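Novice: Take this structure, written in structure tokens, and hold onto it; I'll ask about it next.
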Amino acid sequence: MTNRLAREHSPYLQQHAENPVDWYPWGEEALERARSEDRPIFLSIGYSACHWCHVMAHESFESPQVAALLNSRFVSIKVDREERPDLDRIYMGAVQALTGSGGWPMSVFLTPEGHPFYGGTYFPPEPRHGLPGFTHLLSQIADAWSTRREEITRAGNELVDDLLRRSGRLRAASIAGEQALNTAIQHLIETHDDRWGGWGSGPKFPQPMALEFLLRTFRATGDPNVLGIINAALEAMARGGIYDQIGGGFHRYTVDGRWLIPHFEKMLYDNAQLANVYVHAWQVTGRPLYRAVAEETLNYLAREMRLPAGGYASTQDADTEGVEGDTYLWMPAEIQSVLGEDAARFAASYPTTREGNYEGRNILTYSGQEGEREALADRRAALLAHRAQRSQPRRDGKVICSWNGLLLAALAEAGVALGESAYIASAQSLGAFLTEQMRAADGRMVHIWHEGESRPEGYLEDQAATVHGLIALYQATWDERWVATAREIMELSIAHFWDDGWFDTADDHEALIVRPREAQDNATPSGPALATLGLLRLARYYEDDRYARMAESELATMRGAAARFPEAFAQWLSALDLAHRPRVDVAIGGTPAGAEAQALLNVLNDSAPERLVAIGMEAALPILAGRTPVAGHAAAYVCLGQRCLPPVTTPLALAQILDRDREGAQRGDTETGDQYVTEEQSSDHPCGG
């Protein structure tokens, strides 16, 4: 006997289709029943890779006793947070306001109008570890609904009022942009874990957006303290249990502060962002470890997460057949049986014990020299082939637009930086999938694609991440259709998601108790922050002051929060950095495939996030207007800040300009122009011509 969730597309909802609980998906049918029968709503939000979601499902939602209480006293609604991030954000905000913390599974009790009045996360079936038993809690809430209705209704209304205040636009901060950046950098340095790298003490998360911001900072300033905390975090993660040492890719987080014991779920968004961070770190440092981790992570995604249609699946479960991490754990004897006489050499760098370091078995970590790692690649491949014969964690095959947009950027940037055409080809394939399969009839991006169907309407993060990825794809291929599509999506985003600032949901979205505006980063970048970054880049490509003004109005409201809480607003810091560092625009007049143009582009193949590059002949992009070859040779037109230099036609001359600009930026120089004129240059060119 199945419930209504059997008709849903979400794999997470389908996992609950055989529960005895009379589940509804979120929708008018459930809400109308709650109103007509005057019942409170039990709202349960989770996702398919969540270990504790599975635990609560097994302990409570499969229990006839619990189901009887829910079915007789409540209207029960199950939501996949990955499918409905708007509901997740609204009600997570409520749980955090009620309890001071949050997480998944999320368990929230609502009035029939959808107003939250009580909530939490995981509840055991019986009292345990200071948590109330779920059965007893249900009885208490049902009784309170009958006897203390007025109090509950008032509490729900007050909480909604609080959520409305929190979702409002912040006032412009008095702190200047440069001061906000410096304050944030100092905070990240001071709060960094000097012993184990990263931030926090456990559970410990990778913080890719903070690391990306620090990489931007180091590239601009050369500050060795900044590079030190970048290296500490990236090396510790690459060596730790959070990284799948055999198959590549990162787990969600570790429960300890040493990066040793992970929760074993793997998320597309983590791996897309971390692959990008490691690529950029390799560009800055040249360390082979960083390149290897980036490549292994992207190769893992291609091997295990890419779907035949062209998109990438969202998650892999933490559990394998009900055992957390079962696929990834090892014993010394098993490694010996696979590697034979090579096992001893492998064990010197990847130590294991008969006692194990987790539940009697071993999570592999790397303790060898950095240079030794590549020599063990064949042994890791042999263990991966052996591991592939085990049962594998369940994969959630839905394609989430925003997460795929992040991966699109990672693939495109890796292809250029690493000189790997296969990554660029994968990026082109993914770009085609997103623009052909995940655009609605009106041109907006949808949120979910699953088994040939795209649904429902998209959120701001879907539009913003796609713009982000398409700009990177343009910079990898120089095919102007990609940046033109990015601009189309941005215009639609402004039309539907902008109302004196960005909102997460469109103007024609389902009416909810609040219209969410998630300014804070979570595991993925804030939609408003990523959209603002897109505005800044497109403003330069299209010389559109409107985009620049909109971006500045958003940044003005976020500078204070980003300075005080940089870990939570790191994507805003990257946008603020792009807006306030001296800009470097390079427009190359020439054929992208030509040898001369390629030689100029090779000079630009480093990590310089403040730099914006365009190339073309008779191109439609305004930044390329008037940027023509010189005497039949491909020419680079460089603009530094508000001053443009005469064109140069040789890689050496271009490199001299960029090197001097970088040295000046690291000294803190603010002037640009004549001091960068090379011997090849002889006349002044104004910006724009």
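Quick note on naming: the chains in the structure tokens go A, B, ... in the order shown, residues restart at 1 in each chain, and ligands are numbered from 1 in order of appearance.
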I want to know what sits within 9 Å of Leu215 (chain A), based on only C-alpha atoms, with residues of the same chain fewer than 6 positions away left out; could you give that as a list in words?
Specialist: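 Non-adjacent residues within range: Val226, Leu227, Ile230, Val277, His280, Ala281, Val284 and Ser607 of chain A.
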Novice: Could you list, as a list in words, every residue within 6 Å of Val584 (chain A), counting only C-alpha atoms and ignoring same-chain residues fewer than 6 positions away?
Specialist: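 Contacts, in chain order: Arg611, Cys639 and Leu640 of chain A.
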Novice: Could the residues in this selection be saved with N, CA and C atoms as a compact mmCIF listing (two decimals), in the first residue's frame?
Specialist:
# COMPACT_ATOMS: atom_id res chain seq x y z
N ARG A 611 40.28 40.18 -13.70
CA ARG A 611 40.48 40.42 -15.13
C ARG A 611 39.30 39.90 -15.93
N CYS A 639 42.64 47.77 -20.63
CA CYS A 639 42.14 48.90 -19.84
C CYS A 639 42.40 48.60 -18.37
N LEU A 640 43.07 49.52 -17.70
CA LEU A 640 43.38 49.40 -16.28
C LEU A 640 42.61 50.48 -15.54
Novice: Would you please extract all alpha helix (DSSP H) residues from region 122-318 of chain A, as assigned by DSSP on the backbone, and give them as a VMD selection string?
Specialist: chain A and resid 134 to 147 149 to 167 177 to 191 208 to 221 224 to 239 268 to 285 288 to 304
Novice: Go ahead and save the picked residues with C-alpha atoms, as a JSON list (two decimals), in the first residue's frame.
Specialist:
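The resulting again.json:
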[["chain", "number", "residue", "atom", "x", "y", "z"],
["A", 134, "PHE", "CA", 8.57, 11.98, 18.94],
["A", 135, "THR", "CA", 5.45, 10.06, 19.95],
["A", 136, "HIS", "CA", 5.09, 12.02, 23.18],
["A", 137, "LEU", "CA", 5.81, 15.28, 21.35],
["A", 138, "LEU", "CA", 3.04, 14.61, 18.82],
["A", 139, "SER", "CA", 0.54, 13.98, 21.60],
["A", 140, "GLN", "CA", 1.55, 17.16, 23.43],
["A", 141, "ILE", "CA", 1.26, 19.33, 20.33],
["A", 142, "ALA", "CA", -2.08, 17.80, 19.32],
["A", 143, "ASP", "CA", -3.44, 18.43, 22.83],
["A", 144, "ALA", "CA", -2.10, 21.99, 22.85],
["A", 145, "TRP", "CA", -3.80, 22.63, 19.51],
["A", 146, "SER", "CA", -7.10, 21.69, 21.12],
["A", 147, "THR", "CA", -6.66, 23.52, 24.43],
["A", 149, "ARG", "CA", -5.31, 27.51, 20.26],
["A", 150, "GLU", "CA", -5.22, 31.24, 20.83],
["A", 151, "GLU", "CA", -1.70, 31.10, 22.30],
["A", 152, "ILE", "CA", -0.44, 28.95, 19.41],
["A", 153, "THR", "CA", -2.02, 31.19, 16.77],
["A", 154, "ARG", "CA", -0.52, 34.29, 18.37],
["A", 155, "ALA", "CA", 2.93, 32.68, 18.53],
["A", 156, "GLY", "CA", 2.70, 31.68, 14.86],
["A", 157, "ASN", "CA", 1.66, 35.17, 13.79],
["A", 158, "GLU", "CA", 4.49, 36.74, 15.76],
["A", 159, "LEU", "CA", 7.03, 34.37, 14.23],
["A", 160, "VAL", "CA", 5.82, 35.17, 10.71],
["A", 161, "ASP", "CA", 6.15, 38.88, 11.49],
["A", 162, "ASP", "CA", 9.73, 38.21, 12.60],
["A", 163, "LEU", "CA", 10.46, 36.28, 9.39],
["A", 164, "LEU", "CA", 9.05, 39.15, 7.33],
["A", 165, "ARG", "CA", 11.37, 41.60, 9.09],
["A", 166, "ARG", "CA", 14.36, 39.35, 8.50],
["A", 167, "SER", "CA", 13.59, 38.93, 4.81],
["A", 177, "GLY", "CA", 34.13, 48.67, 0.47],
["A", 178, "GLU", "CA", 37.90, 48.48, 1.02],
["A", 179, "GLN", "CA", 37.47, 48.63, 4.78],
["A", 180, "ALA", "CA", 34.87, 45.85, 4.64],
["A", 181, "LEU", "CA", 37.25, 43.66, 2.64],
["A", 182, "ASN", "CA", 40.16, 44.26, 5.01],
["A", 183, "THR", "CA", 38.02, 43.63, 8.10],
["A", 184, "ALA", "CA", 36.74, 40.36, 6.63],
["A", 185, "ILE", "CA", 40.24, 39.19, 5.69],
["A", 186, "GLN", "CA", 41.55, 39.90, 9.18],
["A", 187, "HIS", "CA", 38.62, 38.04, 10.74],
["A", 188, "LEU", "CA", 39.25, 34.97, 8.56],
["A", 189, "ILE", "CA", 42.93, 34.99, 9.49],
["A", 190, "GLU", "CA", 42.23, 35.35, 13.22],
["A", 191, "THR", "CA", 39.53, 32.65, 13.37],
["A", 208, "PRO", "CA", 34.81, 26.82, -0.55],
["A", 209, "MET", "CA", 33.40, 30.35, -0.89],
["A", 210, "ALA", "CA", 35.65, 31.69, 1.88],
["A", 211, "LEU", "CA", 38.65, 29.96, 0.31],
["A", 212, "GLU", "CA", 37.77, 31.37, -3.11],
["A", 213, "PHE", "CA", 37.60, 34.87, -1.65],
["A", 214, "LEU", "CA", 40.99, 34.38, 0.02],
["A", 215, "LEU", "CA", 42.49, 33.17, -3.26],
["A", 216, "ARG", "CA", 41.24, 36.37, -4.89],
["A", 217, "THR", "CA", 42.78, 38.33, -2.03],
["A", 218, "PHE", "CA", 46.16, 36.62, -2.30],
["A", 219, "ARG", "CA", 46.22, 37.10, -6.05],
["A", 220, "ALA", "CA", 45.66, 40.83, -5.53],
["A", 221, "THR", "CA", 47.88, 41.41, -2.49],
["A", 224, "PRO", "CA", 51.76, 35.38, 2.73],
["A", 225, "ASN", "CA", 49.45, 35.08, 5.75],
["A", 226, "VAL", "CA", 46.49, 34.66, 3.41],
["A", 227, "LEU", "CA", 48.31, 32.02, 1.37],
["A", 228, "GLY", "CA", 49.24, 30.22, 4.56],
["A", 229, "ILE", "CA", 45.66, 29.68, 5.68],
["A", 230, "ILE", "CA", 44.63, 28.69, 2.15],
["A", 231, "ASN", "CA", 47.35, 26.05, 2.03],
["A", 232, "ALA", "CA", 46.59, 24.79, 5.53],
["A", 233, "ALA", "CA", 42.94, 24.15, 4.71],
["A", 234, "LEU", "CA", 43.42, 22.72, 1.22],
["A", 235, "GLU", "CA", 46.25, 20.38, 2.17],
["A", 236, "ALA", "CA", 44.46, 19.13, 5.29],
["A", 237, "MET", "CA", 41.29, 18.39, 3.34],
["A", 238, "ALA", "CA", 43.19, 16.72, 0.50],
["A", 239, "ARG", "CA", 44.93, 14.43, 2.97],
["A", 268, "LEU", "CA", 27.36, 17.89, -6.49],
["A", 269, "TYR", "CA", 27.60, 21.45, -5.20],
["A", 270, "ASP", "CA", 30.48, 20.70, -2.83],
["A", 271, "ASN", "CA", 32.50, 18.95, -5.49],
["A", 272, "ALA", "CA", 31.84, 21.56, -8.17],
["A", 273, "GLN", "CA", 32.96, 24.39, -5.90],
["A", 274, "LEU", "CA", 35.93, 22.56, -4.41],
["A", 275, "ALA", "CA", 37.21, 21.44, -7.81],
["A", 276, "ASN", "CA", 37.20, 25.11, -8.81],
["A", 277, "VAL", "CA", 39.01, 26.14, -5.63],
["A", 278, "TYR", "CA", 41.74, 23.53, -6.14],
["A", 279, "VAL", "CA", 42.19, 24.58, -9.79],
["A", 280, "HIS", "CA", 42.64, 28.20, -8.73],
["A", 281, "ALA", "CA", 44.98, 27.19, -5.91],
["A", 282, "TRP", "CA", 47.09, 25.22, -8.40],
["A", 283, "GLN", "CA", 47.25, 28.28, -10.65],
["A", 284, "VAL", "CA", 48.52, 30.36, -7.73],
["A", 285, "THR", "CA", 50.95, 27.84, -6.19],
["A", 288, "PRO", "CA", 50.82, 19.11, -7.99],
["A", 289, "LEU", "CA", 48.58, 17.98, -5.10],
["A", 290, "TYR", "CA", 46.05, 20.68, -5.89],
["A", 291, "ARG", "CA", 45.93, 19.86, -9.58],
["A", 292, "ALA", "CA", 45.55, 16.15, -8.81],
["A", 293, "VAL", "CA", 42.67, 16.73, -6.39],
["A", 294, "ALA", "CA", 40.88, 18.97, -8.89],
["A", 295, "GLU", "CA", 41.25, 16.42, -11.68],
["A", 296, "GLU", "CA", 40.28, 13.47, -9.51],
["A", 297, "THR", "CA", 37.19, 15.32, -8.30],
["A", 298, "LEU", "CA", 36.06, 16.24, -11.81],
["A", 299, "ASN", "CA", 36.78, 12.72, -13.01],
["A", 300, "TYR", "CA", 34.72, 11.29, -10.15],
["A", 301, "LEU", "CA", 31.79, 13.49, -11.19],
["A", 302, "ALA", "CA", 32.09, 12.33, -14.80],
["A", 303, "ARG", "CA", 32.30, 8.69, -13.75],
["A", 304, "GLU", "CA", 29.59, 8.51, -11.10]]
Novice: One decimal, in Å: what's the spacing between CA of Pro393 (chain A) and CA of Glu321 (chain A)?
Specialist: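 These two atoms are separated by 7.4 Å.
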Novice: Work out how far CA of Asp606 (chain A) is from CA of Ala653 (chain A), in Å to one decimal.
Specialist: 16.5 Å
Novice: Identify, on the basis of only C-alpha atoms, every residue whose closest approach to His447 (chain A) does not exceed 6 Å; exclude the query and any residue fewer than 3 positions from it along the same chain; express the result as a list in words.
Specialist: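 My list of contacting residues is Ile400, Cys401, Pro456, Glu457 and Gly458 of chain A.
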Novice: Determine, counting only C-alpha atoms, which protein, DNA and RNA residues have an atom within 7 Å of an atom of region 8-13 of chain A; residues of the same chain fewer than 5 positions away are not included. Present the result as a list of chain:residue names.
Specialist: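 Residues meeting the cut-off are A:Tyr47, A:Ser48, A:Lys78, A:Asp80, A:Asp396.
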